[in-house]
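Participant: What follows is run-v1.cif, mmCIF, C-alpha atoms.
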```cif
data_upload
loop_
_atom_site.label_atom_id
_atom_site.label_comp_id
_atom_site.auth_asym_id
_atom_site.auth_seq_id
_atom_site.Cartn_x
_atom_site.Cartn_y
_atom_site.Cartn_z
CA MET A 17 42.12 -110.76 -31.06
CA THR A 18 38.93 -108.75 -31.37
CA THR A 19 35.98 -110.68 -32.69
CA ASP A 20 32.53 -110.16 -34.17
CA ALA A 21 31.11 -112.53 -31.56
CA LEU A 22 31.23 -109.71 -28.99
CA VAL A 23 28.85 -106.74 -28.96
CA LEU A 24 31.10 -104.64 -26.71
CA ASP A 25 33.11 -102.25 -28.89
CA ALA A 26 36.83 -102.78 -29.36
CA ALA A 27 37.85 -99.63 -27.46
CA ALA A 28 35.90 -100.79 -24.41
CA GLN A 29 37.40 -104.30 -24.68
CA ASP A 30 40.86 -102.75 -24.65
CA LEU A 31 40.08 -100.33 -21.81
CA LEU A 32 38.67 -102.99 -19.50
CA PHE A 33 40.59 -106.16 -20.39
CA ARG A 34 42.96 -106.36 -23.36
CA GLU A 35 45.15 -103.30 -22.72
CA ALA A 36 44.41 -102.83 -19.01
CA ARG A 37 47.18 -103.97 -16.69
CA THR A 38 47.86 -104.29 -12.97
CA ALA A 39 49.96 -101.21 -12.11
CA ASN A 40 52.83 -101.13 -9.64
CA THR A 41 53.80 -97.46 -10.11
CA PHE A 42 51.64 -94.36 -10.52
CA THR A 43 51.90 -90.69 -11.48
CA ASP A 44 51.18 -88.03 -8.84
CA GLU A 45 47.81 -87.16 -10.39
CA PRO A 46 45.15 -87.39 -7.65
CA VAL A 47 42.13 -89.68 -7.85
CA THR A 48 39.14 -87.49 -7.05
CA GLU A 49 36.09 -88.17 -4.92
CA GLU A 50 33.99 -87.57 -8.05
CA GLN A 51 35.83 -90.39 -9.83
CA VAL A 52 35.26 -92.85 -7.01
CA GLN A 53 31.59 -91.91 -6.83
CA ALA A 54 31.24 -92.46 -10.58
CA ILE A 55 32.95 -95.86 -10.29
CA TYR A 56 30.58 -96.92 -7.52
CA ASP A 57 27.54 -95.57 -9.34
CA LEU A 58 28.43 -97.86 -12.26
CA VAL A 59 29.53 -101.06 -10.56
CA LYS A 60 26.85 -101.08 -7.86
CA TYR A 61 24.62 -102.66 -10.53
CA GLY A 62 26.74 -105.82 -10.79
CA PRO A 63 24.73 -108.84 -9.61
CA THR A 64 25.05 -110.52 -6.20
CA ALA A 65 23.06 -113.40 -4.67
CA PHE A 66 19.85 -112.05 -3.11
CA ASN A 67 21.18 -108.59 -4.03
CA GLN A 68 23.20 -108.87 -0.83
CA GLN A 69 25.92 -106.35 -1.82
CA PRO A 70 28.37 -107.23 0.98
CA LEU A 71 31.24 -105.09 -0.37
CA ARG A 72 32.44 -102.22 1.81
CA VAL A 73 35.20 -99.84 0.73
CA VAL A 74 37.59 -97.81 2.87
CA LEU A 75 39.37 -95.09 0.92
CA VAL A 76 42.73 -94.41 2.53
CA ARG A 77 43.45 -90.72 1.88
CA SER A 78 45.19 -89.39 5.01
CA ALA A 79 48.90 -89.88 5.72
CA GLU A 80 47.99 -91.40 9.04
CA GLY A 81 45.60 -93.87 7.42
CA ARG A 82 48.28 -94.82 4.91
CA ASP A 83 50.74 -95.58 7.72
CA ARG A 84 48.15 -97.66 9.55
CA LEU A 85 47.58 -99.73 6.41
CA VAL A 86 51.14 -100.13 5.14
CA GLN A 87 52.38 -101.73 8.39
CA HIS A 88 50.08 -104.73 7.71
CA LEU A 89 51.23 -105.30 4.12
CA ALA A 90 53.74 -107.83 2.85
CA ASP A 91 57.12 -106.17 2.39
CA GLY A 92 56.91 -106.28 -1.38
CA ASN A 93 53.66 -104.29 -1.32
CA LYS A 94 54.70 -101.51 1.11
CA ALA A 95 56.55 -99.00 -1.05
CA LYS A 96 54.11 -99.00 -3.96
CA THR A 97 51.13 -98.65 -1.63
CA ALA A 98 52.78 -95.82 0.30
CA ALA A 99 53.27 -93.97 -3.02
CA ALA A 100 49.92 -94.64 -4.77
CA PRO A 101 47.57 -91.64 -5.26
CA LEU A 102 44.69 -93.56 -3.68
CA VAL A 103 44.36 -96.86 -1.87
CA ALA A 104 41.06 -98.69 -1.36
CA ILE A 105 40.55 -101.44 1.19
CA LEU A 106 37.85 -103.80 -0.09
CA ALA A 107 36.10 -105.83 2.59
CA ALA A 108 33.06 -108.07 3.02
CA ASP A 109 30.46 -107.07 5.61
CA ASN A 110 29.47 -110.32 7.30
CA GLU A 111 26.35 -108.61 8.69
CA PHE A 112 25.08 -107.69 5.20
CA HIS A 113 21.81 -109.49 5.96
CA GLU A 114 20.63 -106.52 8.04
CA GLU A 115 20.08 -104.65 4.75
CA LEU A 116 18.15 -107.43 2.98
CA PRO A 117 14.65 -106.34 4.04
CA THR A 118 15.13 -103.14 2.00
CA GLN A 119 17.56 -104.46 -0.64
CA PHE A 120 15.68 -107.64 -1.61
CA PRO A 121 12.08 -106.45 -1.44
CA HIS A 122 10.48 -109.38 -3.27
CA PHE A 123 11.52 -111.78 -0.49
CA PRO A 124 12.27 -109.70 2.61
CA GLN A 125 12.29 -112.83 4.77
CA ALA A 126 15.62 -113.86 3.15
CA LYS A 127 17.45 -112.27 6.06
CA ASP A 128 16.11 -114.84 8.52
CA VAL A 129 15.34 -117.78 6.24
CA PHE A 130 18.76 -118.04 4.60
CA PHE A 131 21.22 -115.98 6.60
CA ALA A 132 20.52 -116.55 10.28
CA GLU A 133 23.88 -118.35 10.74
CA ARG A 134 27.09 -116.36 10.85
CA SER A 135 29.11 -119.11 9.12
CA VAL A 136 26.66 -119.11 6.19
CA ARG A 137 26.84 -115.32 5.98
CA GLU A 138 30.64 -115.33 6.04
CA GLN A 139 30.89 -117.77 3.17
CA SER A 140 28.29 -115.90 1.14
CA ALA A 141 29.81 -112.50 1.89
CA ARG A 142 33.24 -113.69 0.85
CA LEU A 143 32.01 -115.07 -2.50
CA ASN A 144 29.72 -112.18 -3.35
CA GLY A 145 32.14 -109.60 -2.00
CA ALA A 146 34.78 -111.02 -4.34
CA LEU A 147 32.38 -110.69 -7.27
CA GLN A 148 31.92 -107.05 -6.30
CA ALA A 149 35.68 -106.59 -5.89
CA ALA A 150 36.05 -107.69 -9.51
CA TYR A 151 33.30 -105.28 -10.61
CA PHE A 152 35.16 -102.54 -8.70
CA ILE A 153 38.44 -103.31 -10.51
CA ILE A 154 36.56 -103.13 -13.83
CA GLY A 155 35.05 -99.82 -12.68
CA VAL A 156 38.47 -98.35 -11.89
CA ARG A 157 39.51 -99.20 -15.44
CA ALA A 158 36.25 -97.74 -16.78
CA ALA A 159 37.34 -94.45 -15.21
CA GLY A 160 40.57 -94.53 -17.22
CA LEU A 161 42.61 -95.44 -14.18
CA ALA A 162 44.83 -98.40 -13.39
CA ALA A 163 44.21 -100.74 -10.46
CA GLY A 164 46.88 -102.60 -8.51
CA PRO A 165 44.96 -105.22 -6.51
CA MET A 166 46.88 -107.06 -3.77
CA THR A 167 46.20 -109.88 -1.33
CA GLY A 168 49.65 -109.95 0.28
CA TYR A 169 48.96 -108.70 3.81
CA ASP A 170 48.09 -109.69 7.37
CA ALA A 171 44.31 -109.96 6.97
CA GLU A 172 43.59 -110.17 10.70
CA GLY A 173 45.73 -107.10 11.27
CA ILE A 174 43.81 -105.07 8.68
CA ASN A 175 40.46 -106.31 9.98
CA LYS A 176 41.31 -105.16 13.49
CA GLU A 177 42.93 -101.90 12.40
CA PHE A 178 40.12 -100.68 10.16
CA PHE A 179 37.04 -102.65 11.26
CA GLY A 180 37.16 -102.97 15.01
CA ASP A 181 33.69 -104.52 15.11
CA GLY A 182 34.80 -108.03 14.13
CA GLU A 183 32.14 -108.06 11.42
CA HIS A 184 34.25 -107.31 8.34
CA SER A 185 36.77 -109.43 6.40
CA VAL A 186 39.25 -107.79 4.06
CA LEU A 187 39.15 -109.21 0.52
CA ALA A 188 41.79 -107.14 -1.29
CA VAL A 189 43.69 -103.86 -1.12
CA VAL A 190 43.74 -101.90 -4.37
CA ASN A 191 46.15 -99.15 -5.37
CA ILE A 192 44.54 -96.73 -7.81
CA GLY A 193 45.89 -94.04 -10.12
CA LYS A 194 47.31 -93.20 -13.52
CA PRO A 195 50.11 -95.65 -14.38
CA GLY A 196 53.62 -94.27 -13.86
CA GLU A 197 57.04 -95.19 -15.17
CA ASP A 198 57.67 -98.92 -15.73
CA ALA A 199 54.23 -99.52 -14.26
CA TRP A 200 54.05 -103.22 -14.98
CA PHE A 201 55.82 -106.44 -15.75
CA PRO A 202 55.51 -107.93 -19.24
CA ARG A 203 52.08 -109.57 -19.57
CA SER A 204 52.12 -113.10 -18.19
CA PRO A 205 50.57 -115.87 -20.29
CA ARG A 206 46.98 -117.03 -19.95
CA LEU A 207 45.63 -120.57 -19.89
CA GLU A 208 44.32 -121.80 -23.22
CA TYR A 209 40.58 -122.22 -23.72
CA ASP A 210 40.91 -126.00 -23.72
CA GLN A 211 42.70 -125.93 -20.36
CA VAL A 212 39.82 -124.08 -18.76
CA VAL A 213 36.60 -125.01 -20.57
CA THR A 214 35.15 -128.50 -21.00
CA THR A 215 31.75 -129.56 -22.35
CA VAL A 216 29.38 -132.26 -21.15
CA MET B 27 23.30 -91.46 -14.36
CA THR B 28 26.10 -91.35 -16.92
CA THR B 29 28.98 -89.12 -15.99
CA ASP B 30 32.03 -87.46 -17.49
CA ALA B 31 34.16 -88.99 -14.74
CA LEU B 32 34.14 -92.30 -16.64
CA VAL B 33 36.10 -92.94 -19.84
CA LEU B 34 34.03 -96.00 -20.79
CA ASP B 35 31.38 -94.94 -23.31
CA ALA B 36 27.72 -94.81 -22.29
CA ALA B 37 26.67 -97.70 -24.54
CA ALA B 38 29.25 -99.97 -22.90
CA GLN B 39 28.19 -98.81 -19.42
CA ASP B 40 24.61 -99.76 -20.27
CA LEU B 41 25.57 -103.10 -21.87
CA LEU B 42 27.69 -104.26 -18.94
CA PHE B 43 26.06 -102.68 -15.88
CA ARG B 44 23.24 -100.14 -16.13
CA GLU B 45 20.84 -101.97 -18.46
CA ALA B 46 22.14 -105.52 -17.97
CA ARG B 47 19.98 -107.69 -15.74
CA THR B 48 20.01 -111.19 -14.26
CA ALA B 49 17.72 -113.22 -16.53
CA ASN B 50 15.33 -115.95 -15.41
CA THR B 51 13.84 -116.77 -18.83
CA PHE B 52 15.49 -117.06 -22.24
CA THR B 53 14.61 -117.35 -25.90
CA ASP B 54 15.42 -120.56 -27.79
CA GLU B 55 18.33 -118.94 -29.64
CA PRO B 56 21.42 -121.11 -29.09
CA VAL B 57 24.63 -119.83 -27.53
CA THR B 58 27.41 -120.88 -29.88
CA GLU B 59 30.84 -122.29 -29.17
CA GLU B 60 32.26 -119.26 -30.99
CA GLN B 61 30.53 -116.92 -28.53
CA VAL B 62 31.89 -118.76 -25.50
CA GLN B 63 35.39 -118.75 -26.99
CA ALA B 64 35.13 -115.00 -27.60
CA ILE B 65 33.96 -114.43 -24.02
CA TYR B 66 36.89 -116.41 -22.63
CA ASP B 67 39.36 -114.73 -24.97
CA LEU B 68 38.29 -111.38 -23.49
CA VAL B 69 37.92 -112.13 -19.79
CA LYS B 70 41.00 -114.31 -19.47
CA TYR B 71 42.92 -111.04 -19.13
CA GLY B 72 41.22 -110.08 -15.87
CA PRO B 73 43.77 -109.99 -13.02
CA THR B 74 44.26 -112.73 -10.40
CA ALA B 75 46.84 -113.02 -7.61
CA PHE B 76 50.07 -114.49 -8.98
CA ASN B 77 48.16 -114.87 -12.25
CA GLN B 78 46.79 -118.07 -10.74
CA GLN B 79 43.63 -118.26 -12.91
CA PRO B 80 41.85 -120.93 -10.87
CA LEU B 81 38.53 -120.69 -12.77
CA ARG B 82 37.38 -123.79 -14.63
CA VAL B 83 34.19 -123.88 -16.70
CA VAL B 84 31.97 -126.83 -17.57
CA LEU B 85 29.53 -126.06 -20.40
CA VAL B 86 26.44 -128.21 -19.99
CA ARG B 87 25.17 -128.85 -23.52
CA SER B 88 23.83 -132.43 -23.57
CA ALA B 89 20.39 -133.40 -22.26
CA GLU B 90 22.07 -135.96 -20.04
CA GLY B 91 24.42 -133.34 -18.58
CA ARG B 92 21.49 -131.02 -17.95
CA ASP B 93 19.68 -133.75 -16.00
CA ARG B 94 22.81 -134.50 -13.99
CA LEU B 95 23.08 -130.83 -13.03
CA VAL B 96 19.43 -129.96 -12.38
CA GLN B 97 18.99 -132.68 -9.74
CA HIS B 98 21.49 -130.83 -7.51
CA LEU B 99 19.83 -127.40 -7.80
CA ALA B 100 17.46 -125.74 -5.35
CA ASP B 101 13.87 -126.27 -6.46
CA GLY B 102 13.44 -122.63 -7.47
CA ASN B 103 16.37 -122.90 -9.90
CA LYS B 104 15.44 -126.17 -11.62
CA ALA B 105 12.91 -125.16 -14.29
CA LYS B 106 14.80 -122.12 -15.55
CA THR B 107 18.06 -124.04 -15.73
CA ALA B 108 16.45 -126.95 -17.55
CA ALA B 109 15.15 -124.46 -20.16
CA ALA B 110 18.20 -122.17 -20.61
CA PRO B 111 20.02 -122.35 -23.99
CA LEU B 112 23.36 -122.87 -22.25
CA VAL B 113 24.41 -123.50 -18.66
CA ALA B 114 27.95 -123.01 -17.38
CA ILE B 115 29.25 -124.48 -14.13
CA LEU B 116 31.97 -122.20 -12.76
CA ALA B 117 34.41 -123.86 -10.37
CA ALA B 118 37.73 -123.18 -8.68
CA ASP B 119 40.59 -125.61 -9.33
CA ASN B 120 42.27 -126.07 -5.96
CA GLU B 121 45.32 -127.51 -7.70
CA PHE B 122 45.86 -124.35 -9.80
CA HIS B 123 49.40 -124.11 -8.45
CA GLU B 124 50.53 -126.82 -10.86
CA GLU B 125 50.27 -124.24 -13.66
CA LEU B 126 52.19 -121.46 -11.89
CA PRO B 127 55.66 -122.35 -13.22
CA THR B 128 54.43 -121.49 -16.73
CA GLN B 129 51.77 -118.89 -15.81
CA PHE B 130 53.84 -116.76 -13.43
CA PRO B 131 57.24 -116.82 -15.13
CA HIS B 132 58.86 -113.98 -13.17
CA PHE B 133 58.63 -116.01 -9.93
CA PRO B 134 58.16 -119.65 -10.88
CA GLN B 135 58.91 -120.73 -7.31
CA ALA B 136 55.53 -119.32 -6.23
CA LYS B 137 54.04 -122.79 -6.57
CA ASP B 138 56.10 -124.13 -3.67
CA VAL B 139 56.84 -120.97 -1.69
CA PHE B 140 53.24 -119.76 -1.33
CA PHE B 141 50.93 -122.60 -2.27
CA ALA B 142 52.32 -125.81 -0.78
CA GLU B 143 49.36 -126.12 1.62
CA ARG B 144 45.98 -127.24 0.35
CA SER B 145 44.05 -125.01 2.79
CA VAL B 146 45.93 -121.93 1.53
CA ARG B 147 45.25 -122.94 -2.07
CA GLU B 148 41.54 -123.47 -1.40
CA GLN B 149 41.11 -120.05 0.13
CA SER B 150 43.06 -118.39 -2.66
CA ALA B 151 41.27 -120.34 -5.39
CA ARG B 152 37.88 -119.41 -3.97
CA LEU B 153 38.68 -115.68 -3.85
CA ASN B 154 40.41 -115.48 -7.22
CA GLY B 155 37.95 -117.88 -8.84
CA ALA B 156 35.14 -115.56 -7.70
CA LEU B 157 36.94 -112.59 -9.28
CA GLN B 158 37.09 -114.59 -12.51
CA ALA B 159 33.43 -115.59 -12.17
CA ALA B 160 32.57 -111.88 -12.12
CA TYR B 161 34.77 -111.25 -15.18
CA PHE B 162 32.93 -114.13 -16.88
CA ILE B 163 29.50 -112.61 -16.12
CA ILE B 164 30.75 -109.29 -17.55
CA GLY B 165 32.00 -111.20 -20.60
CA VAL B 166 28.61 -112.85 -21.17
CA ARG B 167 27.09 -109.38 -21.20
CA ALA B 168 29.86 -108.14 -23.52
CA ALA B 169 28.64 -110.79 -25.99
CA GLY B 170 25.15 -109.28 -25.93
CA LEU B 171 23.80 -112.14 -23.84
CA ALA B 172 22.15 -112.23 -20.44
CA ALA B 173 23.57 -114.19 -17.51
CA GLY B 174 21.55 -115.79 -14.74
CA PRO B 175 24.09 -116.61 -12.02
CA MET B 176 22.92 -118.87 -9.17
CA THR B 177 24.37 -120.20 -5.94
CA GLY B 178 21.31 -122.14 -4.81
CA TYR B 179 22.42 -125.77 -5.10
CA ASP B 180 24.01 -128.71 -3.29
CA ALA B 181 27.66 -127.76 -3.80
CA GLU B 182 29.05 -131.12 -2.66
CA GLY B 183 26.66 -132.87 -5.02
CA ILE B 184 27.83 -130.81 -8.01
CA ASN B 185 31.49 -131.23 -7.06
CA LYS B 186 31.13 -135.01 -6.98
CA GLU B 187 28.93 -135.20 -10.08
CA PHE B 188 31.13 -133.11 -12.35
CA PHE B 189 34.58 -133.13 -10.70
CA GLY B 190 35.17 -136.59 -9.34
CA ASP B 191 38.76 -135.77 -8.45
CA GLY B 192 37.96 -133.90 -5.22
CA GLU B 193 40.08 -130.99 -6.44
CA HIS B 194 37.38 -128.59 -7.66
CA SER B 195 34.87 -126.43 -5.77
CA VAL B 196 31.83 -125.04 -7.55
CA LEU B 197 31.49 -121.25 -7.26
CA ALA B 198 28.34 -120.52 -9.27
CA VAL B 199 26.10 -121.95 -11.97
CA VAL B 200 25.23 -119.50 -14.75
CA ASN B 201 22.35 -119.73 -17.20
CA ILE B 202 23.19 -117.97 -20.47
CA GLY B 203 21.12 -116.81 -23.44
CA LYS B 204 19.04 -114.04 -24.94
CA PRO B 205 16.47 -112.83 -22.41
CA GLY B 206 12.96 -114.20 -22.95
CA GLU B 207 9.50 -113.11 -21.85
CA ASP B 208 9.26 -111.52 -18.40
CA ALA B 209 12.95 -112.27 -18.01
CA TRP B 210 13.49 -110.41 -14.76
CA PHE B 211 12.02 -108.91 -11.64
CA PRO B 212 11.91 -105.11 -11.29
CA ARG B 213 15.41 -103.87 -10.44
CA SER B 214 16.06 -104.07 -6.70
CA PRO B 215 17.56 -101.03 -4.98
CA ARG B 216 21.26 -100.54 -4.42
CA LEU B 217 23.05 -99.32 -1.31
CA GLU B 218 23.91 -95.62 -1.32
CA TYR B 219 27.51 -94.56 -1.73
CA ASP B 220 27.69 -93.42 1.89
CA GLN B 221 26.50 -96.83 3.12
CA VAL B 222 29.37 -98.55 1.31
CA VAL B 223 32.31 -96.16 1.11
CA THR B 224 34.10 -94.49 4.01
CA THR B 225 37.32 -92.44 4.04
CA VAL B 226 40.17 -92.43 6.54
#
```
Would you write the structure of this file as structure tokens?
Facilitator:
Amino acid sequence: MTTDALVLDAAAQDLLFREARTANTFTDEPVTEEQVQAIYDLVKYGPTAFNQQPLRVVLVRSAEGRDRLVQHLADGNKAKTAAAPLVAILAADNEFHEELPTQFPHFPQAKDVFFAERSVREQSARLNGALQAAYFIIGVRAAGLAAGPMTGYDAEGINKEFFGDGEHSVLAVVNIGKPGEDAWFPRSPRLEYDQVVTTV
Amino acid sequence: MTTDALVLDAAAQDLLFREARTANTFTDEPVTEEQVQAIYDLVKYGPTAFNQQPLRVVLVRSAEGRDRLVQHLADGNKAKTAAAPLVAILAADNEFHEELPTQFPHFPQAKDVFFAERSVREQSARLNGALQAAYFIIGVRAAGLAAGPMTGYDAEGINKEFFGDGEHSVLAVVNIGKPGEDAWFPRSPRLEYDQVVTTV
């Protein structure tokens, strides 16, 4: 149902939400560096608390990198990830506060006042990194591509394999490309408005 | 910079990301029930793991509800929240698994196989609820409104005040309306592509 209560045009609604689907198969068409740069240049503007921007992205392009990733995935995610044109590992940088003096210029003390404790940073990075992961998925769709986000993996294994510094926490792994044959299941239902929204 | 590498039209890019800003002041124009329904009807399609949809929304419309909320906010968030046309409390339902048999019909056993443990559900609900919180912010913008998301509050206080069941965890509080006078700070910088994205 498209509605006059939205300003966003119907084609954009379809592209980003109504027709967009999580893809499990892809064509062989490559996803270019230019496309990923355009996605980032759009979604970097999505809001985060204190403009903390904890999201970090590892693009897995080499065959060796793909092998290193696939070994840590749940069995049901291995084949489709091995075959996807591009795979992005989305992670939260738990040391994001180092960038706050430049990234949050109207209160540069935020780094020390609010984020001196690692446990506080981890919780904040996980929440805000997840917001940015969602913006990234929307950005993939904005580029006319399909995303296949997954959380079925050994998170500690991926953290060690790709971020040896102990400072990053994987949030999701996302297959990216043009949807292939039988790319998705039938759309699952969604909760009704009254199951989700209450008013006080 | 708009680019040919995106399919999403330039007006939609501006509406959702490039021109959209976090608002701190609002006009008196009300946010209608129809607008919130249209926002939900769009963003409900955003993907979550196992289609778990943990996001729950409390719309704070009454003066009494506003008072109950504002007391739990950080001082810097109180005045703007008291004055916003609409405030939405976004929370994760840690008992989302009860809905999986209907919401994830191609593997209805997911409820028991993957989500029998509360700690697993909490972690999953927080991540996927944050994805949905980001979709919701995008949806507010799609309705031509400005969002003012905040995480500066006493989370335990809000959880007890609005979700007495111990089963919900607040993720963000979002002021919503048409931007008012001096609605935002100058745009803060964003991290460069090379600071965020690496390739293996």
Participant: Translate the PyMOL selection byres ((chain B and resi 189) around 12), as applied to the file shown, into an explicit residue set as a PyMOL selection string.
Facilitator: (chain A and resi 214+216) or (chain B and resi 82-84+95+115-120+181-188+190-196)
Participant: Name the closest residue to chain B among the candidates A:Phe66, A:Phe42, A:Tyr169, A:Phe120; distances are taken between atoms, counting only C-alpha atoms.
Facilitator: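 Looking at the shortest contact to chain B, the residue is A:Phe120.
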Participant: Which residue gives the smallest distance to B:Glu60 among A:Leu22, A:Ser140, A:Ala159, A:Ala100, with all atoms listed in the file counted?
Facilitator: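 Closest candidate: A:Leu22.
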Participant: Quick one: apply the PyMOL selection byres ((chain B and resi 112) around 9) to the file and drop the selected residues here as an MDAnalysis selection string.
Facilitator: chainID B and resid 56:58 85:87 107 109:111 113:114 200:203
Participant: Report as a list in words the full result of the PyMOL selection byres ((chain A and resi 33) around 7) when it is applied to this structure.
Facilitator: Gln29, Asp30, Leu31, Leu32, Arg34, Glu35 and Ala36 of chain A; Leu68, Val69, Tyr71 and Gly72 of chain B
Participant: One decimal, in Å: what's the spacing between atom CA of B:Glu218 and atom CA of A:Leu161?
Facilitator: 22.7 Å
Participant: Restricting the calculation to all atoms listed in the file: of B:Val33, B:Ala100, B:Ala105, B:Val166, which residue gets closest to B:Asp67?
Facilitator: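 Using all atoms listed in the file, B:Asp67 sits closest to B:Val166.
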Participant: Would you please work out which residue, of B:Val222, B:Leu217, B:Glu143, B:Pro73, is nearest to A:Ile154 when using only C-alpha atoms?
Facilitator: B:Pro73
Participant: Measure the distance from atom CA of B:Gln97 to atom CA of A:Arg137 in Å and round it to one decimal.
Facilitator: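 For atom CA of B:Gln97 relative to atom CA of A:Arg137, the distance reads 24.7 Å.
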Participant: As JSON, please report the centre and edge lengths, rounded to one decimal in Å, of the axis-aligned box that holds all listed atoms of stretch 126-133 of chain A with 8 Å of padding on each of the six sides.
Facilitator:
```
{"center_x": 19.6, "center_y": -115.3, "center_z": 6.9, "size_x": 24.5, "size_y": 22.1, "size_z": 23.6}
```
Participant: Point out the residue among A:Trp200, A:His113, A:Gly81, A:Ala132 with the least atom-to-atom distance to chain B, counting all atoms listed in the file.
Facilitator: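 Looking at the shortest contact to chain B, the residue is A:Gly81.
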Participant: So the first atom is atom CA of B:Pro80 and the second is atom CA of B:Phe140; what is the distance between them in Å, to one decimal place?
Facilitator: 14.9 Å
Participant: I'd like the contact shell of B:Gly102 - 12 Å cut-off, all atoms listed in the file, skipping same-chain residues fewer than 4 positions apart - returned as JSON, numbers by chain.
Facilitator: {"B": [50, 96, 97, 98, 106, 107, 108, 176, 177, 178, 179]}
Participant: So, with only C-alpha atoms as the atoms that count, which of B:Lys104, B:Lys204, B:Arg144, B:His132 lies closest to chain A?
Facilitator: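 Of B:Lys104, B:Lys204, B:Arg144, B:His132, the one nearest chain A, counting only C-alpha atoms, is B:His132.
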Participant: What's around A:Glu115 at 10 Å? Count only C-alpha atoms, leave out sequence neighbours fewer than 2 positions away in its own chain, and write the answer as a ChimeraX atom specification.
Facilitator: /A:67-70,111-113,117-120,124,127 /B:217
Participant: Create the file for the chosen residues now, containing C-alpha atoms and written as a short mmCIF file (atom, residue, chain, number, x, y, z; two decimals), in the frame of the given file.
Facilitator:
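The new file out-v1.cif reads:
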```cif
data_model
loop_
_atom_site.label_atom_id
_atom_site.label_comp_id
_atom_site.auth_asym_id
_atom_site.auth_seq_id
_atom_site.Cartn_x
_atom_site.Cartn_y
_atom_site.Cartn_z
CA ASN A 67 21.18 -108.59 -4.03
CA GLN A 68 23.20 -108.87 -0.83
CA GLN A 69 25.92 -106.35 -1.82
CA PRO A 70 28.37 -107.23 0.98
CA GLU A 111 26.35 -108.61 8.69
CA PHE A 112 25.08 -107.69 5.20
CA HIS A 113 21.81 -109.49 5.96
CA PRO A 117 14.65 -106.34 4.04
CA THR A 118 15.13 -103.14 2.00
CA GLN A 119 17.56 -104.46 -0.64
CA PHE A 120 15.68 -107.64 -1.61
CA PRO A 124 12.27 -109.70 2.61
CA LYS A 127 17.45 -112.27 6.06
CA LEU B 217 23.05 -99.32 -1.31
#
```
